[in-house]
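Report on the following structure.
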Amino acid sequence: MPEKILAIKIRSKDWKLTDFQSDLSCMVLAPISLNEDYWETFELNDEDIEILYNHLLEKETPLSTDELVSILVENRLEREQQSAEDKKAGDVKSYLPEDSYTVGEKIVFSSLDWETGKVINIRQGNTALDAPFKVIEVEFEGGQKREFAAELSDHKLNIPLEIDEDDPLLNPSAIASVHGDYIIDRVADSFSQNEDFVFIAGRWFPRPLLLDVSAGILNLADAVLDMSEGGPLPTAELLKQVDMPSGDNEKLAEFSLDLALQEDERFDEVGTSGEVSWFLKRQEPKDVLETPIFLKYKPIEYDNSVLTDEMRSMVHRLQDELSPREDIEEDVNKYETNLLFPHWRAGTLPLTPNLSKLFPSAYISPRVRFILVDGDTGEKFPGWVVRLEGYVYGLKDWYTSRGVMPGSIIRLREGENLGEVIVEVDSHRSAKEWVRTALVGADGGVVYAMLKQTVRTAFDDWMMIAIPADTASLDEAWEKSSANPPAFEQVVVNTLRELAKLNPQGHVHAAELYSAVNLVFRCPPEPLLALLASRSWFKHLGDLHYRFEETEV
Amino acid sequence: MVEKRLSLVKPTLETPFHIDFNWWSQHDREWRVHLRSLLSSEDLERFADIIDGDVLLDWIDPETAEVQQVDGLQHVVITHTAQGESFLEKHTAIVEAIFRILLKNGNSPMTPAELGEILERDPKPILRTLSGARVYRGIRPILE
């Protein structure tokens with residue numbers, strides 16, 4: 001008679017066991033289900049770390065956090081499964097045909113409704129064909145005696161119990177899909193606090209296995225990069241040129257060199273995700289290593305609740321990199337930005353959440369070097385993604401050559417080659433237009449006039465500002481305000497007053513004001529709009545047009 | 001457990017069947033002849049010591065690893081002959097096909113539904129055949 005098979009289902013948070021019988025045709029099955037918040041509250045324990053460490057030691061190959069998470073999840077599931085079995089079996093050993101037993105030993109049989117019996121006899125199996133095995137005679141409670149195979153390697157009961165793959169908490173793919181990011185963060189947090197692991201270019205490795213990299217090798221790497229105008233050079237290329245002995249495991253040598261370069265301040269890892277490339281830090285552009293003065297922002301406090309829907313809509317349209325990050329829009333199919341003076345002057349682009357999808361990124365490197373391509377001419381030039389500070393550097397010469405002005409609309413798209421980004425502007429008929437023009441006094445004071453200017457690019461009407469060719473006075477004013485920042489509200493009032501002179505009604509649009517304020521003071525739109533919404537002297541005339549009421553001051 | 005009388009219970013498509021060698025050996029004098037006919041002449045010679053005497057061998061249940069002492073011939077057929085590649089070649093008689101599938105499967109119990117799936121046939125005629133008055137080749141239901 002076939003034995004009914006017991007399965008364990010752990011349903012509730014306190015791991016209450018509920019038995020149910022499964023159909024025999026399902027073979028021996030002991031599915032488990034975990035607490036609903038098991039993976040949401042997952043934390044690595046010492047055993048997890050030891051298992052992953054041993055895995056890395058065994059493989060001698062650096063692994064990404066994703067790969068480690070996959071190993072970790074599978075291992076955790078196996079251990080939970082075993083733990084569920086152990087709980088069912090108590091202190092009694094579970095019967096496995098492959099194990100050896102001694103007379104007097106107690107065993108629990110998962111395939112027999114977790115019945116417990118005692119070994120009372122052991123004999124050699126009598127077989128003509130099978131590999132040799134032992135037969136244990138087991139006496140069950142109630143006196144029933146039955147025989148079972150022992151020291152038998154080939155039997156399905158030796159295979160770990162199966163996992164119910166329909167349960168999203170037990171299916172490794174489903175776990176990775178739903179909880180992957182959280183578990184990756186937990187692993188990264190835990191490993192980064194553990195000196196036994198080193199991390200570079202998205203991969204972890206046990207420190208004790210690393211090869212020694214001498215100071216001489218690092219000096220040679222410095223020289224090689226110096227001869228390549230700073231770089232970038234991939235590690236494999238550097239390894240070849242510095243003639244470092246790699247032994248049998250070239251990957252290990254590369255990883256060891258990567259780590260040594262990473263820990264030496266002369267070198268900067270500038271490769272995109274998954275690629276390791278090295279650059280000499282001293283040869284990187286100054287504005288990559290240090291945020292240009294025009295882009296520095298000291299956060300201004302404001303009351304977010306006063307922003308109207310119309311204002312929020314404008315904030316969304318302006319896409320300032322300093323605005324609090326919104327969810328990335330999934331269906332964006334065009335990437336463009338209305339250039340603001342600070343970016344125009346610094347030769348940069350804002351790294352907004354949407355634009356950041358287009359630019360190469362990196363796991364850790366704060367700076368990533370990539371290639372920009374002129375959409376019209378195909379000319380290629382280096383660009384830098386400065387990830388943490390939120391800008392892309394390297395466009396100053398291109399802005400000049402294409403006649404880009406603050407307010408110009410810059411369009412971007414993916415390049416044909418991985419890591420390349422195409423940058424372009426829609427050409428405007430090269431005719432003179434009446435354009436809001438900034439006139440800068442020797443003291444750095446700015447006034448505006450509508451003057452005829454040559455315009456070569458498509459532009460945003462509200463944000464367009466023609467800037468004098470000589471920006472020395474403006475630059476000096478930025479230097480001064482950097483050391484001694486003016487009151488934000490005063491800047492807004494002064495700018496609104498000046499812009500109001502450009503039309504007979506004295507109306508100024510909020511986007512126009514935002515663009516002009518940023519000519520002298522870096523700020524995102526929210527503090528400006530909150531100010532407009534909360535002061536009685538900024539009179540709203542509708543459609544985000546404002547007038548300054550001198551009598552209200 | 002007291003075995004229920006088969007006449008009082010009715011197997012279904014989900015009732016497991018197996019070859020009840022005990023029953024077969026007690027009810028059919030020719031059972032050994034039939035089993036021997038499954039072996040090739042080479043195997044008859046090779047396993048002569050086992051299949052001709054009263055040798056009992058340990059048979060391991062594929063599901064539970066429980067050991068039962070079985071007739072040497074029965075053991076050779078299940079563990080060797082039935083595992084040959086050509087053992088399940090097309091057989092026109094449905095009973096012979098079922099008998100061979102059960103042997104190939106280590107005599108693990110199988111339902112008419114499972115047998116029908118393997119044979120790519122409607123399981124109802126299989127159930128009718130196996131649950132009729134006549135027991136073919138010792139194939140009997142396992143009833144609780």
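Every chain in the structure tokens has a letter given in the order shown (A, B, ...), and although residue numbers restart at 1 in each chain, ligands are simply numbered from 1 in the order shown.
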Item to check | chain A residues near chain B (7 Å cut-off, only C-alpha atoms) as an NGL selection string | outcome: :A and (1 or 97 or 111 or 125-127 or 147-149 or 155)
Checklist entry - Any idea what's packed within 10 Å of segment 452-466 of chain A, counting only C-alpha atoms, ignoring anything in its chain fewer than 2 positions away? Could you give it as number ranges by chain? => result A: 337-341, 402-410, 424-439, 448-450, 468-469, 508-516, 519
Item to check | Option closest in space to Pro299 of chain A, from A:Leu358, A:Thr551, A:Leu322, A:Ile49 [counting only C-alpha atoms] | outcome: A:Leu322
Checklist entry - Excluding same-chain residues fewer than 2 positions from segment 393-395 of chain A, what lies within 12 Å of it counting only C-alpha atoms, as a PyMOL selection string? => result chain A and resi 284-292+295+339+343-351+359+367-374+380-387+389-391+397-404+410+422-424
Checklist entry - Leaving out segment 127-130 of chain B and any residue of its chain fewer than 2 positions from it, which residues lie within 12 Å of it when counting only C-alpha atoms, given as a PyMOL selection string? => result chain B and resi 6+10-19+93-96+98-99+110-116+121-125+132-142
Checklist entry - How many Å lie between atom CA of Asp222 of chain A and atom CA of Pro206 of chain A, rounded to one decimal? => result 25.9 Å
Item to check | Filtered DSSP result for segment 6-141 of chain B, state helix (DSSP H, G or I), as JSON, numbers by chain | outcome: {"B": [6, 7, 8, 21, 22, 23, 24, 25, 26, 27, 31, 32, 33, 34, 35, 36, 37, 41, 42, 43, 44, 45, 46, 48, 49, 50, 51, 52, 72, 73, 74, 75, 76, 77, 78, 79, 81, 82, 83, 94, 95, 96, 97, 98, 99, 100, 101, 102, 103, 104, 112, 113, 114, 115, 116, 117, 118, 119, 123, 124, 125, 126, 127, 128, 129, 130]}
At a cut-off of 7 Å, using only C-alpha atoms, what residues contact Glu43 of chain A? Leave out same-chain residues fewer than 2 positions from it and give the result as an mmCIF file with N, CA and C atoms, in the first residue's frame.
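For reference, out.cif as written:
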data_model
loop_
_atom_site.group_PDB
_atom_site.id
_atom_site.type_symbol
_atom_site.label_atom_id
_atom_site.label_comp_id
_atom_site.auth_asym_id
_atom_site.auth_seq_id
_atom_site.Cartn_x
_atom_site.Cartn_y
_atom_site.Cartn_z
ATOM 1 N N THR A 41 11.751 41.958 5.001
ATOM 2 C CA THR A 41 12.489 42.277 6.224
ATOM 3 C C THR A 41 13.805 41.498 6.291
ATOM 4 N N ASN A 45 22.574 37.135 7.845
ATOM 5 C CA ASN A 45 23.147 36.698 9.114
ATOM 6 C C ASN A 45 24.553 36.142 8.853
ATOM 7 N N ARG A 186 20.846 44.993 0.888
ATOM 8 C CA ARG A 186 21.220 44.363 2.164
ATOM 9 C C ARG A 186 22.601 43.705 2.024
#
Next on the checklist: List the spatial neighbours of Ala176 of chain A as a list in words - criterion: any atom at most 10 Å away, only C-alpha atoms, same-chain residues fewer than 4 positions off excluded.
Outcome noted: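 Neighbouring residues, sequence-local ones excluded: Trp39, Asp66, Val69, Ser70, Val73, Pro168, Leu169, Asn171, Pro172, Gly180, Asp181, Tyr182, Ile183 and Ile184 of chain A.
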Checklist entry - What lies within 8 Å of segment 31-44 of chain B using only C-alpha atoms, ignoring chain neighbours under 4 positions off, as a list in words? => result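 Surrounding residues, per the criterion: Trp24, Ser25, Ala48, Ile51, Leu73, Gln74, Val77, Thr81 and Arg137 of chain B.
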Dump N, CA and C atoms for the selected residues as a short mmCIF file (atom, residue, chain, number, x, y, z; two decimals), in the first residue's frame?
data_model
loop_
_atom_site.label_atom_id
_atom_site.label_comp_id
_atom_site.auth_asym_id
_atom_site.auth_seq_id
_atom_site.Cartn_x
_atom_site.Cartn_y
_atom_site.Cartn_z
N TRP B 24 -0.73 -12.68 -7.87
CA TRP B 24 -0.52 -13.30 -9.18
C TRP B 24 0.07 -14.71 -9.01
N SER B 25 1.08 -14.78 -8.13
CA SER B 25 1.75 -16.07 -7.94
C SER B 25 0.79 -17.11 -7.33
N ALA B 48 20.68 -17.16 -14.75
CA ALA B 48 20.12 -18.50 -14.49
C ALA B 48 20.07 -18.83 -12.99
N ILE B 51 17.11 -16.71 -11.38
CA ILE B 51 15.71 -16.83 -11.80
C ILE B 51 15.18 -18.27 -11.73
N LEU B 73 13.41 -13.78 -10.08
CA LEU B 73 12.95 -13.51 -11.45
C LEU B 73 12.24 -12.15 -11.51
N GLN B 74 11.37 -11.93 -10.57
CA GLN B 74 10.64 -10.65 -10.51
C GLN B 74 11.62 -9.48 -10.42
N VAL B 77 13.43 -8.90 -13.76
CA VAL B 77 12.55 -8.29 -14.77
C VAL B 77 12.39 -6.80 -14.50
N THR B 81 15.46 -6.10 -17.04
CA THR B 81 14.79 -6.28 -18.34
C THR B 81 13.91 -5.07 -18.69
N ARG B 137 -2.56 -10.36 -15.45
CA ARG B 137 -1.15 -10.30 -15.04
C ARG B 137 -0.96 -9.74 -13.63
#
